[in-house]
>>> print(open('structure19.tsv').read())   # TSV, C-alpha atoms
chain	number	residue	atom	x	y	z
G	1	MET	CA	-27.82	-23.58	-14.10
G	2	ALA	CA	-29.88	-20.39	-14.42
G	3	LEU	CA	-31.67	-19.92	-17.72
G	4	PHE	CA	-30.52	-17.22	-20.12
G	5	ASN	CA	-32.78	-14.43	-21.40
G	6	PRO	CA	-32.78	-11.93	-24.30
G	7	ASP	CA	-30.59	-9.53	-22.29
G	8	SER	CA	-27.94	-12.13	-21.45
G	9	LYS	CA	-24.55	-11.42	-22.96
G	10	LEU	CA	-23.37	-14.07	-25.42
G	11	SER	CA	-19.92	-13.97	-23.85
G	12	ASP	CA	-21.44	-14.88	-20.44
G	13	ILE	CA	-23.34	-17.75	-22.01
G	14	VAL	CA	-20.22	-19.14	-23.68
G	15	LEU	CA	-18.10	-18.73	-20.56
G	16	SER	CA	-20.69	-20.61	-18.50
G	17	ASP	CA	-20.57	-23.57	-20.87
G	18	VAL	CA	-18.05	-23.60	-23.71
G	19	SER	CA	-19.87	-26.36	-25.56
G	20	VAL	CA	-22.42	-23.66	-26.52
G	21	ILE	CA	-19.83	-22.38	-29.04
G	22	THR	CA	-20.61	-25.21	-31.43
G	23	VAL	CA	-24.34	-24.53	-31.00
G	24	LEU	CA	-23.90	-20.84	-31.79
G	25	ASN	CA	-21.82	-21.72	-34.87
G	26	ARG	CA	-24.91	-23.43	-36.28
G	27	PHE	CA	-26.62	-20.02	-36.21
G	28	ASP	CA	-23.65	-18.40	-37.95
G	29	ILE	CA	-22.58	-16.81	-34.68
G	30	PHE	CA	-18.84	-17.11	-34.13
G	31	LEU	CA	-16.37	-16.13	-31.42
G	32	GLY	CA	-15.48	-12.49	-31.01
G	33	VAL	CA	-19.00	-11.64	-29.89
G	34	GLY	CA	-17.89	-8.64	-27.81
G	35	ASP	CA	-20.54	-7.47	-25.35
G	36	LYS	CA	-23.50	-8.25	-27.57
G	37	THR	CA	-26.64	-9.60	-25.97
G	38	VAL	CA	-28.82	-12.36	-27.39
G	39	ASN	CA	-31.34	-9.74	-28.47
G	40	GLU	CA	-28.74	-7.67	-30.29
G	41	ILE	CA	-27.18	-10.58	-32.16
G	42	CYS	CA	-30.62	-11.85	-33.18
G	43	ARG	CA	-31.58	-8.44	-34.59
G	44	GLU	CA	-28.29	-8.30	-36.47
G	45	LYS	CA	-28.56	-11.82	-37.89
G	46	ARG	CA	-32.36	-11.78	-38.27
G	47	LEU	CA	-32.82	-14.73	-35.95
G	48	ASP	CA	-35.85	-15.60	-33.82
G	49	VAL	CA	-34.81	-14.67	-30.26
G	50	ASN	CA	-37.14	-17.18	-28.60
G	51	PHE	CA	-35.91	-19.98	-30.80
G	52	LEU	CA	-32.23	-19.25	-30.21
G	53	LEU	CA	-32.84	-18.99	-26.46
G	54	ALA	CA	-34.82	-22.23	-26.40
G	55	ILE	CA	-31.93	-24.01	-28.13
G	56	ILE	CA	-29.28	-22.45	-25.88
G	57	ASN	CA	-31.24	-23.13	-22.70
G	58	THR	CA	-32.04	-26.69	-23.77
G	59	ASN	CA	-28.31	-27.18	-24.18
G	60	VAL	CA	-27.19	-25.67	-20.90
G	61	SER	CA	-29.93	-26.98	-18.63
G	62	ASP	CA	-31.14	-30.57	-18.44
G	63	GLU	CA	-34.25	-29.41	-16.61
G	64	TYR	CA	-35.41	-26.94	-19.25
G	65	PHE	CA	-38.36	-27.76	-21.46
G	66	PRO	CA	-39.78	-24.77	-23.38
G	67	GLU	CA	-43.35	-25.97	-23.29
G	68	THR	CA	-45.04	-22.56	-23.62
G	69	ALA	CA	-42.80	-21.41	-26.45
G	70	LEU	CA	-43.21	-24.71	-28.23
G	71	LYS	CA	-46.13	-23.80	-30.45
G	72	SER	CA	-44.49	-20.60	-31.61
G	73	PHE	CA	-41.59	-22.38	-33.32
G	74	LYS	CA	-41.85	-23.20	-36.97
G	75	ALA	CA	-40.92	-26.78	-37.76
G	76	SER	CA	-38.84	-25.46	-40.65
G	77	GLU	CA	-36.78	-23.41	-38.19
G	78	ILE	CA	-36.04	-26.46	-36.04
G	79	ILE	CA	-35.26	-28.58	-39.08
G	80	GLU	CA	-32.80	-26.00	-40.38
G	81	TYR	CA	-31.01	-26.16	-37.04
G	82	LEU	CA	-31.01	-29.96	-36.91
G	83	LYS	CA	-29.66	-30.16	-40.45
G	84	LYS	CA	-26.75	-27.95	-39.43
G	85	THR	CA	-26.26	-30.13	-36.37
G	86	ASN	CA	-26.22	-33.27	-38.50
G	87	ASN	CA	-23.70	-31.69	-40.87
G	88	TYR	CA	-21.54	-30.76	-37.91
G	89	TYR	CA	-21.47	-34.42	-36.83
G	90	LEU	CA	-20.60	-35.57	-40.34
G	91	GLN	CA	-18.01	-32.95	-41.15
G	92	PHE	CA	-16.28	-32.41	-37.82
G	93	GLN	CA	-17.14	-34.56	-34.87
G	94	ILE	CA	-17.15	-38.04	-36.43
G	95	PRO	CA	-13.96	-37.53	-38.48
G	96	ASN	CA	-12.37	-36.03	-35.36
G	97	ILE	CA	-13.15	-39.12	-33.25
G	98	GLU	CA	-11.97	-41.43	-36.03
G	99	ARG	CA	-8.72	-39.53	-36.33
G	100	HIS	CA	-8.15	-39.76	-32.59
G	101	PHE	CA	-9.09	-43.45	-32.49
G	102	ASN	CA	-6.71	-44.28	-35.36
G	103	SER	CA	-3.85	-42.43	-33.78
G	104	PHE	CA	-4.66	-44.00	-30.37
G	105	ILE	CA	-4.54	-47.51	-31.82
G	106	ASN	CA	-1.52	-46.91	-34.06
G	107	HIS	CA	0.54	-45.53	-31.20
G	108	SER	CA	-0.40	-48.03	-28.55
G	109	ILE	CA	2.37	-50.48	-27.75
G	110	ASN	CA	1.79	-54.13	-28.71
G	111	ASP	CA	-1.33	-55.40	-30.31
G	112	ASN	CA	-4.17	-54.50	-28.02
G	113	ASN	CA	-7.16	-56.29	-29.54
G	114	ASN	CA	-9.55	-54.60	-27.15
G	115	LEU	CA	-8.85	-51.24	-28.75
G	116	GLU	CA	-9.70	-52.62	-32.16
G	117	LEU	CA	-12.97	-54.03	-30.76
G	118	MET	CA	-13.84	-50.61	-29.37
G	119	ARG	CA	-13.03	-48.89	-32.65
G	120	ASN	CA	-15.32	-51.35	-34.46
G	121	PHE	CA	-18.02	-50.56	-31.92
G	122	PHE	CA	-17.57	-46.86	-32.65
G	123	LEU	CA	-17.84	-47.58	-36.39
G	124	GLU	CA	-21.17	-49.33	-35.68
G	125	VAL	CA	-22.43	-46.21	-33.86
G	126	LYS	CA	-21.17	-44.07	-36.72
G	127	ARG	CA	-23.11	-46.16	-39.27
G	128	GLN	CA	-26.24	-45.89	-37.13
G	129	LEU	CA	-25.87	-42.13	-36.86
G	130	ILE	CA	-25.31	-41.76	-40.60
G	131	ASP	CA	-28.40	-43.91	-41.27
G	132	ARG	CA	-30.43	-41.66	-38.99
G	133	ILE	CA	-29.16	-38.55	-40.75
G	134	ASN	CA	-29.99	-40.06	-44.15
G	135	ASP	CA	-33.48	-40.91	-42.90
G	136	ASP	CA	-33.88	-37.34	-41.59
G	137	ASN	CA	-32.95	-35.90	-44.97
G	138	SER	CA	-34.82	-38.29	-47.20
G	139	ARG	CA	-37.99	-38.97	-45.20
G	140	TRP	CA	-38.64	-37.29	-41.85
G	141	PHE	CA	-37.70	-33.67	-42.55
G	142	PRO	CA	-39.38	-33.46	-46.00
G	143	GLU	CA	-42.55	-35.02	-44.56
G	144	ILE	CA	-42.71	-32.41	-41.77
G	145	LEU	CA	-42.06	-29.54	-44.20
G	146	ARG	CA	-44.82	-30.87	-46.46
G	147	LEU	CA	-47.26	-30.98	-43.52
G	148	GLU	CA	-46.27	-27.48	-42.44
G	149	SER	CA	-46.73	-25.96	-45.87
G	150	SER	CA	-50.03	-27.78	-46.27
G	151	LEU	CA	-51.15	-26.21	-42.98
G	152	LYS	CA	-50.16	-22.76	-44.22
G	153	SER	CA	-52.50	-23.10	-47.18
G	154	SER	CA	-55.45	-23.88	-44.88
G	155	LYS	CA	-57.16	-21.73	-42.26
G	156	LEU	CA	-56.30	-24.15	-39.49
G	157	SER	CA	-53.59	-23.56	-36.90
G	158	LEU	CA	-51.76	-25.70	-34.38
G	159	ASN	CA	-53.91	-24.18	-31.63
G	160	GLU	CA	-56.71	-26.48	-32.75
G	161	VAL	CA	-55.01	-29.54	-31.29
G	162	GLU	CA	-53.41	-30.69	-28.08
G	163	ILE	CA	-49.71	-31.28	-28.40
G	164	SER	CA	-48.72	-34.49	-26.68
G	165	PHE	CA	-45.20	-34.91	-25.47
G	166	ASP	CA	-43.15	-37.93	-26.31
G	167	ASP	CA	-41.21	-40.00	-23.89
G	168	ASP	CA	-37.78	-38.49	-23.47
G	169	GLY	CA	-35.91	-41.76	-23.00
G	170	SER	CA	-32.39	-42.18	-24.25
G	171	ASP	CA	-31.97	-43.79	-27.67
G	172	SER	CA	-29.56	-46.45	-28.73
G	173	ILE	CA	-27.03	-44.02	-30.26
G	174	GLU	CA	-26.80	-42.19	-26.94
G	175	ASP	CA	-26.60	-45.48	-25.04
G	176	LYS	CA	-23.87	-46.85	-27.26
G	177	LEU	CA	-21.74	-43.71	-27.02
G	178	SER	CA	-22.09	-43.75	-23.27
G	179	ASP	CA	-21.20	-47.50	-23.29
G	180	LEU	CA	-18.09	-46.75	-25.32
G	181	ILE	CA	-17.00	-44.05	-22.87
G	182	SER	CA	-17.67	-46.46	-20.02
G	183	MET	CA	-15.55	-49.16	-21.67
G	184	LEU	CA	-12.62	-46.77	-22.05
G	185	VAL	CA	-12.94	-45.44	-18.52
G	186	ARG	CA	-13.76	-48.64	-16.65
G	187	HIS	CA	-12.66	-51.61	-18.71
G	188	LEU	CA	-9.54	-50.65	-20.61
G	189	SER	CA	-6.63	-53.04	-20.13
G	190	GLY	CA	-3.26	-53.75	-21.71
G	191	ASP	CA	-0.75	-51.19	-22.94
G	192	TYR	CA	-1.95	-47.97	-24.46
G	193	ASP	CA	-1.00	-44.34	-24.90
G	194	LEU	CA	-2.68	-42.38	-22.11
G	195	ASN	CA	-2.70	-38.99	-23.87
G	196	LEU	CA	-4.15	-40.34	-27.08
G	197	CYS	CA	-6.74	-42.26	-25.06
G	198	LEU	CA	-7.73	-39.03	-23.34
G	199	ALA	CA	-8.24	-37.36	-26.74
G	200	VAL	CA	-10.63	-40.16	-27.76
G	201	ILE	CA	-12.57	-39.89	-24.50
G	202	VAL	CA	-12.90	-36.09	-24.70
G	203	ALA	CA	-14.08	-36.30	-28.33
G	204	LEU	CA	-16.60	-39.01	-27.41
G	205	VAL	CA	-17.88	-37.09	-24.39
G	206	ASN	CA	-18.40	-34.02	-26.59
G	207	ILE	CA	-20.42	-35.81	-29.25
G	208	GLU	CA	-22.37	-37.77	-26.64
G	209	LYS	CA	-23.43	-34.56	-24.91
G	210	ASP	CA	-24.26	-32.93	-28.23
G	211	ILE	CA	-26.37	-35.88	-29.38
G	212	ARG	CA	-28.13	-36.13	-26.02
G	213	GLN	CA	-29.09	-32.45	-26.18
G	214	ASN	CA	-30.18	-32.73	-29.78
G	215	ASN	CA	-32.24	-35.81	-29.05
G	216	ARG	CA	-34.11	-33.69	-26.53
G	217	ILE	CA	-34.82	-31.18	-29.29
G	218	ARG	CA	-35.86	-33.96	-31.65
G	219	ASN	CA	-37.95	-35.85	-29.11
G	220	ARG	CA	-39.35	-33.06	-27.02
G	221	ILE	CA	-39.84	-30.33	-29.59
G	222	LEU	CA	-39.87	-31.65	-33.15
G	223	LYS	CA	-41.72	-34.93	-32.55
G	224	PRO	CA	-44.61	-33.29	-30.64
G	225	LEU	CA	-44.77	-30.63	-33.38
G	226	THR	CA	-44.90	-33.35	-36.03
G	227	ASN	CA	-47.70	-35.13	-34.16
G	228	ALA	CA	-49.62	-31.87	-33.91
G	229	LEU	CA	-49.12	-31.16	-37.62
G	230	VAL	CA	-50.41	-34.62	-38.52
G	231	ALA	CA	-53.39	-34.15	-36.20
G	232	VAL	CA	-54.30	-30.71	-37.48
G	233	ASN	CA	-53.92	-31.76	-41.13
G	234	SER	CA	-56.33	-34.61	-40.49
G	235	LEU	CA	-58.98	-32.05	-39.42
G	236	LYS	CA	-59.19	-30.69	-42.97
S	237	MET	CA	-24.45	-40.21	-11.96
S	238	ASN	CA	-25.42	-42.52	-9.10
S	239	SER	CA	-27.40	-45.51	-10.38
S	240	LEU	CA	-29.74	-45.44	-7.36
S	241	SER	CA	-33.33	-44.91	-8.53
S	242	VAL	CA	-35.42	-42.68	-6.31
S	243	ALA	CA	-39.07	-41.65	-6.58
S	244	ILE	CA	-40.44	-38.55	-4.86
S	245	ILE	CA	-44.19	-38.61	-4.27
S	246	LEU	CA	-45.21	-35.56	-2.24
S	247	ARG	CA	-48.34	-33.43	-2.09
S	248	ASN	CA	-46.30	-30.25	-1.92
S	249	THR	CA	-44.65	-29.58	-5.29
S	250	LEU	CA	-42.08	-27.13	-3.91
S	251	ASP	CA	-40.91	-29.66	-1.33
S	252	ALA	CA	-40.63	-32.23	-4.08
S	253	ILE	CA	-38.62	-29.95	-6.36
S	254	GLY	CA	-36.34	-28.95	-3.48
S	255	LEU	CA	-35.72	-32.58	-2.60
S	256	ARG	CA	-35.01	-33.47	-6.20
S	257	HIS	CA	-32.54	-30.60	-6.43
S	258	ILE	CA	-30.69	-31.82	-3.32
S	259	PHE	CA	-30.51	-35.34	-4.79
S	260	ALA	CA	-29.11	-34.05	-8.07
S	261	SER	CA	-26.67	-31.48	-6.75
S	262	MET	CA	-25.39	-33.24	-3.63
S	263	PHE	CA	-25.67	-36.93	-4.43
S	264	SER	CA	-25.76	-37.14	-8.24
S	265	VAL	CA	-29.01	-39.03	-7.96
S	266	ASN	CA	-31.55	-38.37	-10.68
S	267	ALA	CA	-34.81	-38.64	-8.71
S	268	SER	CA	-38.19	-38.91	-10.48
S	269	LEU	CA	-41.02	-36.64	-9.38
S	270	LEU	CA	-44.28	-38.54	-9.46
S	271	ASN	CA	-47.24	-36.25	-8.95
S	272	ALA	CA	-49.70	-39.01	-8.34
S	273	ILE	CA	-49.58	-42.52	-7.06
S	274	GLU	CA	-51.34	-43.72	-10.21
S	275	ASN	CA	-48.30	-42.66	-12.21
S	276	ALA	CA	-46.01	-44.61	-9.94
S	277	ASP	CA	-48.25	-47.65	-10.22
S	278	ALA	CA	-48.74	-47.38	-13.97
S	279	SER	CA	-45.06	-46.84	-14.73
S	280	ASN	CA	-44.44	-50.25	-13.18
S	281	GLU	CA	-40.99	-49.01	-12.32
S	282	ASN	CA	-39.35	-50.48	-9.26
S	283	TYR	CA	-37.56	-47.69	-7.50
S	284	ASP	CA	-34.91	-48.35	-4.87
S	285	LEU	CA	-36.39	-45.74	-2.54
S	286	TYR	CA	-39.69	-43.83	-2.28
S	287	PHE	CA	-39.73	-40.45	-0.55
S	288	THR	CA	-43.28	-39.61	0.45
S	289	ASP	CA	-45.30	-37.81	3.14
S	290	SER	CA	-47.42	-39.53	5.75
S	291	GLU	CA	-50.74	-38.36	4.21
S	292	THR	CA	-49.83	-39.76	0.80
S	293	PHE	CA	-48.59	-42.92	2.48
S	294	VAL	CA	-51.79	-43.47	4.44
S	295	ALA	CA	-53.98	-42.69	1.44
S	296	ASN	CA	-52.15	-45.26	-0.67
S	297	LEU	CA	-51.42	-48.14	1.66
S	298	GLU	CA	-52.05	-50.69	-1.04
S	299	PHE	CA	-49.23	-49.24	-3.09
S	300	PHE	CA	-46.78	-48.57	-0.28
S	301	LEU	CA	-47.12	-51.60	1.99
S	302	PRO	CA	-45.50	-54.06	-0.45
S	303	ARG	CA	-42.67	-51.50	-0.75
S	304	ARG	CA	-42.38	-50.73	2.96
S	305	SER	CA	-38.66	-51.49	3.15
S	306	LYS	CA	-38.06	-48.73	0.61
S	307	ILE	CA	-40.06	-45.91	2.16
S	308	VAL	CA	-38.60	-42.68	3.52
S	309	LEU	CA	-41.10	-40.32	5.14
S	310	VAL	CA	-40.82	-36.61	4.51
S	311	THR	CA	-42.28	-34.84	7.55
S	312	ASP	CA	-42.44	-31.41	9.12
S	313	SER	CA	-41.80	-32.64	12.65
S	314	ASP	CA	-39.50	-35.01	14.51
S	315	LEU	CA	-42.13	-37.69	14.45
S	316	VAL	CA	-41.14	-41.11	15.66
S	317	SER	CA	-41.88	-43.77	13.12
S	318	SER	CA	-40.62	-47.12	12.02
S	319	PHE	CA	-39.53	-45.59	8.72
S	320	PRO	CA	-36.44	-43.51	8.10
S	321	SER	CA	-37.56	-39.89	7.84
S	322	ILE	CA	-36.49	-36.42	6.78
S	323	ASN	CA	-37.72	-33.38	8.69
S	324	ILE	CA	-38.13	-30.54	6.21
S	325	ARG	CA	-38.03	-27.94	9.00
S	326	LEU	CA	-34.43	-28.69	9.87
S	327	GLU	CA	-31.67	-26.45	8.55
S	328	GLU	CA	-30.33	-27.24	5.08
S	329	SER	CA	-27.08	-28.88	6.11
S	330	ARG	CA	-28.86	-31.26	8.52
S	331	ILE	CA	-31.40	-32.24	5.88
S	332	ILE	CA	-28.54	-33.00	3.49
S	333	ASP	CA	-26.72	-35.02	6.19
S	334	ASN	CA	-29.90	-36.98	6.90
S	335	ILE	CA	-30.45	-37.80	3.26
S	336	GLY	CA	-26.77	-38.74	2.94
S	337	SER	CA	-26.98	-41.25	5.76
S	338	ILE	CA	-30.25	-42.71	4.47
S	339	LEU	CA	-28.70	-43.25	1.03
S	340	HIS	CA	-25.51	-44.62	2.58
S	341	ASN	CA	-27.45	-47.09	4.76
S	342	PHE	CA	-29.42	-48.22	1.75
S	343	GLU	CA	-26.31	-48.78	-0.32
S	344	GLN	CA	-24.78	-50.81	2.50
S	345	THR	CA	-27.74	-53.16	2.45
S	346	VAL	CA	-27.64	-53.86	-1.26
S	347	ASP	CA	-24.99	-55.98	-2.82
S	348	SER	CA	-22.41	-53.45	-3.90
S	349	HIS	CA	-20.01	-56.07	-5.20
S	350	ASN	CA	-19.24	-55.27	-8.81
S	351	GLU	CA	-18.24	-58.73	-9.99
S	352	LEU	CA	-20.85	-60.45	-12.12
S	353	SER	CA	-22.50	-63.47	-10.54
S	354	ALA	CA	-22.36	-66.83	-12.35
S	355	ARG	CA	-25.97	-66.39	-13.46
S	356	GLU	CA	-25.29	-62.88	-14.71
S	357	VAL	CA	-22.35	-64.17	-16.75
S	358	GLU	CA	-24.68	-66.76	-18.32
S	359	VAL	CA	-27.19	-64.02	-19.20
S	360	LEU	CA	-24.40	-61.76	-20.48
S	361	LYS	CA	-23.07	-64.49	-22.79
S	362	LEU	CA	-26.55	-65.02	-24.27
S	363	VAL	CA	-27.23	-61.28	-24.69
S	364	ALA	CA	-23.80	-60.90	-26.28
S	365	THR	CA	-24.48	-63.74	-28.71
S	366	GLY	CA	-27.63	-61.97	-29.87
S	367	PHE	CA	-30.42	-63.81	-28.06
S	368	LEU	CA	-33.56	-61.83	-27.17
S	369	ASN	CA	-34.85	-61.60	-23.60
S	370	LYS	CA	-37.66	-64.07	-24.28
S	371	GLU	CA	-35.22	-66.59	-25.78
S	372	ILE	CA	-32.87	-66.18	-22.82
S	373	ALA	CA	-35.76	-66.78	-20.41
S	374	ASP	CA	-36.66	-70.00	-22.27
S	375	LYS	CA	-33.07	-71.21	-22.46
S	376	LEU	CA	-32.38	-70.67	-18.76
S	377	GLY	CA	-35.86	-71.69	-17.59
S	378	ILE	CA	-36.47	-68.37	-15.82
S	379	SER	CA	-39.13	-65.67	-16.25
S	380	ILE	CA	-38.63	-62.73	-18.57
S	381	ASN	CA	-38.80	-60.41	-15.55
S	382	THR	CA	-35.87	-62.25	-14.00
S	383	VAL	CA	-33.92	-61.83	-17.25
S	384	LEU	CA	-34.70	-58.11	-17.21
S	385	SER	CA	-33.61	-57.86	-13.61
S	386	HIS	CA	-30.31	-59.65	-14.41
S	387	ARG	CA	-29.78	-57.31	-17.37
S	388	LYS	CA	-30.39	-54.28	-15.19
S	389	ASN	CA	-27.82	-55.53	-12.67
S	390	ILE	CA	-25.28	-56.36	-15.39
S	391	SER	CA	-25.65	-52.87	-16.88
S	392	ALA	CA	-25.33	-51.23	-13.47
S	393	LYS	CA	-22.19	-53.23	-12.66
S	394	LEU	CA	-20.49	-52.74	-16.03
S	395	GLY	CA	-21.81	-49.29	-16.97
S	396	ILE	CA	-22.86	-50.74	-20.34
S	397	ARG	CA	-26.49	-50.71	-21.46
S	398	SER	CA	-26.73	-51.60	-25.14
S	399	ALA	CA	-26.72	-55.21	-26.34
S	400	SER	CA	-23.92	-54.53	-28.81
S	401	GLY	CA	-21.90	-52.81	-26.07
S	402	LEU	CA	-22.34	-55.92	-23.93
S	403	SER	CA	-21.15	-58.06	-26.87
S	404	VAL	CA	-17.98	-56.00	-27.15
S	405	TYR	CA	-17.42	-56.29	-23.39
S	406	ALA	CA	-18.00	-60.06	-23.51
S	407	MET	CA	-15.43	-60.41	-26.32
S	408	MET	CA	-12.92	-58.16	-24.56
S	409	ASN	CA	-13.14	-60.38	-21.51
S	410	GLY	CA	-13.14	-63.71	-23.29
S	411	TYR	CA	-16.74	-64.68	-22.41
S	412	ILE	CA	-17.46	-65.21	-26.09
S	413	SER	CA	-15.09	-65.59	-29.04
S	414	HIS	CA	-17.26	-64.01	-31.71
S	415	ILE	CA	-20.69	-62.48	-32.19
>>> encode(input="structure19.tsv", output="structure tokens")
Amino acid sequence: MALFNPDSKLSDIVLSDVSVITVLNRFDIFLGVGDKTVNEICREKRLDVNFLLAIINTNVSDEYFPETALKSFKASEIIEYLKKTNNYYLQFQIPNIERHFNSFINHSINDNNNLELMRNFFLEVKRQLIDRINDDNSRWFPEILRLESSLKSSKLSLNEVEISFDDDGSDSIEDKLSDLISMLVRHLSGDYDLNLCLAVIVALVNIEKDIRQNNRIRNRILKPLTNALVAVNSLK
Amino acid sequence: MNSLSVAIILRNTLDAIGLRHIFASMFSVNASLLNAIENADASNENYDLYFTDSETFVANLEFFLPRRSKIVLVTDSDLVSSFPSINIRLEESRIIDNIGSILHNFEQTVDSHNELSAREVEVLKLVATGFLNKEIADKLGISINTVLSHRKNISAKLGIRSASGLSVYAMMNGYISHI
């Protein structure tokens, strides 16, 4: 997909990939955007255009990696976004999947033990995701913010160091969500309610895509930034 | 996404990007661009197919000869060779057809049967019960690389990668009764 630029209309972006709606929500941009361009909405909401575009383009294109813009982003900006993303998982996406799973299991004819096994597997992924979010909030994010503010008080800048890029491999949360989708699509047996099953699959596909895109932001933007902050702070 | 793993090692970056785009858009194959043979060697990854040009091939015989059954030459002429080849000067639709038949021929030669073999079931049961690769290798008297290769095949056949996902699958299918 072609990348978007500051003159792209938000409505075109959303129409090209509706999953961007949830990304825009995290910037307090909601539907009813009229004909506003990215530039216009950023001026109105006092957002960094390059940052918003990097996030949007990372979400719509698997090929995109904003290497040149990387050093211009503040870690605090990225963290703010990731916190909103984490909250979105906790408040909306996870409860939504659980609701669908419960209804799927409760309405499926006979006792289908396989469904219960899959729900337990989802609960395992949920616990893992919550643990990661707790670790973000209690350890990783505060540590990065501390490094960033310590850099501000010195004369050093990130230009002093090479930023090395981390491996962009999938993590186990991504793998497990994709396994769960695969189980439902390829290995489901016994009696079940097709419509309710579809609701579970769609909800899982949505969160899996969201987490995959956000892992790219974590692994390809925030982790290299963290490494650079550690490196530049050690120069003091 | 097709599980076929393809490496593209070409001197010309634009050719490589174009080829990767055709793989992704026409065949759902996520091909890796390797800009140097050292990267291919160091990554230790075993790709199913290597798309390369004759100059790169000749300059890196040590790397390519052990993989000769997996080579596809990317050329700019209708050269006659013992390897399957793609002529980049052909029109787009013919290039796509050529790649399609090369991929199809390759898939015909590999075991496309999706049932797990008896050995794979043994490995699956051990993974599902929580044994580590090294422990599985010791238990079955095979090398750790063989265990990894079995795991890769199991994951490709079932579409399940994580150990806990494999445990759930094993329970669903009665291979194990509990974790």
>>> atom_distance(input="structure19.tsv", atom1="atom CA of Arg99 of chain G", atom2="atom CA of Leu31 of chain G")
25.1 Å
>>> closest_residue(input="structure19.tsv", among="G:Val200, G:Leu184, G:Leu82, G:Leu117", to="chain S", atoms="only C-alpha atoms")
G:Leu117
>>> interface_residues(input="structure19.tsv", of="chain S", to="chain G", cutoff="8 Å", atoms="only C-alpha atoms", output="ChimeraX atom specification")
/S:394-398,400-401,404-405,408
>>> residues_around(input="structure19.tsv", residues="segment 151-153 of chain G", least_positions_apart="4", cutoff="8 Å", atoms="all atoms listed in the file", output="PyMOL selection string")
chain G and resi 147+157+229+232-233
>>> write_last_selection(input="structure19.tsv", atoms="C-alpha atoms", output="PDB file, in the coordinates of the input")
ATOM      1  CA  LEU G 147     -47.260 -30.980 -43.520  1.00  0.00           C
ATOM      2  CA  SER G 157     -53.590 -23.560 -36.900  1.00  0.00           C
ATOM      3  CA  LEU G 229     -49.120 -31.160 -37.620  1.00  0.00           C
ATOM      4  CA  VAL G 232     -54.300 -30.710 -37.480  1.00  0.00           C
ATOM      5  CA  ASN G 233     -53.920 -31.760 -41.130  1.00  0.00           C
TER       6      ASN G 233
END
>>> residues_around(input="structure19.tsv", residues="segment 303-320 of chain S", least_positions_apart="6", cutoff="8 Å", atoms="all atoms listed in the file", output="PyMOL selection string")
chain S and resi 284-290+338
>>> atom_distance(input="structure19.tsv", atom1="atom CA of Asn409 of chain S", atom2="atom CA of Gly377 of chain S")
25.7 Å
>>> build_atoms(input="structure19.tsv", residues="segment 120-131 of chain G", atoms="N, CA and C atoms", output="tab-separated table (two decimals), in the frame of the given file")
chain	number	residue	atom	x	y	z
G	120	ASN	N	-14.24	-50.77	-33.65
G	120	ASN	CA	-15.32	-51.35	-34.46
G	120	ASN	C	-16.68	-50.98	-33.88
G	121	PHE	N	-16.76	-50.94	-32.57
G	121	PHE	CA	-18.02	-50.56	-31.92
G	121	PHE	C	-18.36	-49.11	-32.27
G	122	PHE	N	-17.33	-48.26	-32.26
G	122	PHE	CA	-17.57	-46.86	-32.65
G	122	PHE	C	-18.05	-46.80	-34.10
G	123	LEU	N	-17.44	-47.61	-34.97
G	123	LEU	CA	-17.84	-47.58	-36.39
G	123	LEU	C	-19.30	-48.01	-36.55
G	124	GLU	N	-19.75	-48.92	-35.66
G	124	GLU	CA	-21.17	-49.33	-35.68
G	124	GLU	C	-22.07	-48.14	-35.32
G	125	VAL	N	-21.65	-47.39	-34.27
G	125	VAL	CA	-22.43	-46.21	-33.86
G	125	VAL	C	-22.43	-45.18	-34.98
G	126	LYS	N	-21.29	-45.03	-35.62
G	126	LYS	CA	-21.17	-44.07	-36.72
G	126	LYS	C	-22.15	-44.43	-37.85
G	127	ARG	N	-22.18	-45.72	-38.20
G	127	ARG	CA	-23.11	-46.16	-39.27
G	127	ARG	C	-24.55	-45.85	-38.87
G	128	GLN	N	-24.87	-46.12	-37.61
G	128	GLN	CA	-26.24	-45.89	-37.13
G	128	GLN	C	-26.59	-44.40	-37.20
G	129	LEU	N	-25.63	-43.57	-36.83
G	129	LEU	CA	-25.87	-42.13	-36.86
G	129	LEU	C	-26.04	-41.64	-38.30
G	130	ILE	N	-25.20	-42.16	-39.20
G	130	ILE	CA	-25.31	-41.76	-40.60
G	130	ILE	C	-26.67	-42.22	-41.18
G	131	ASP	N	-27.08	-43.43	-40.81
G	131	ASP	CA	-28.40	-43.91	-41.27
G	131	ASP	C	-29.51	-42.98	-40.80
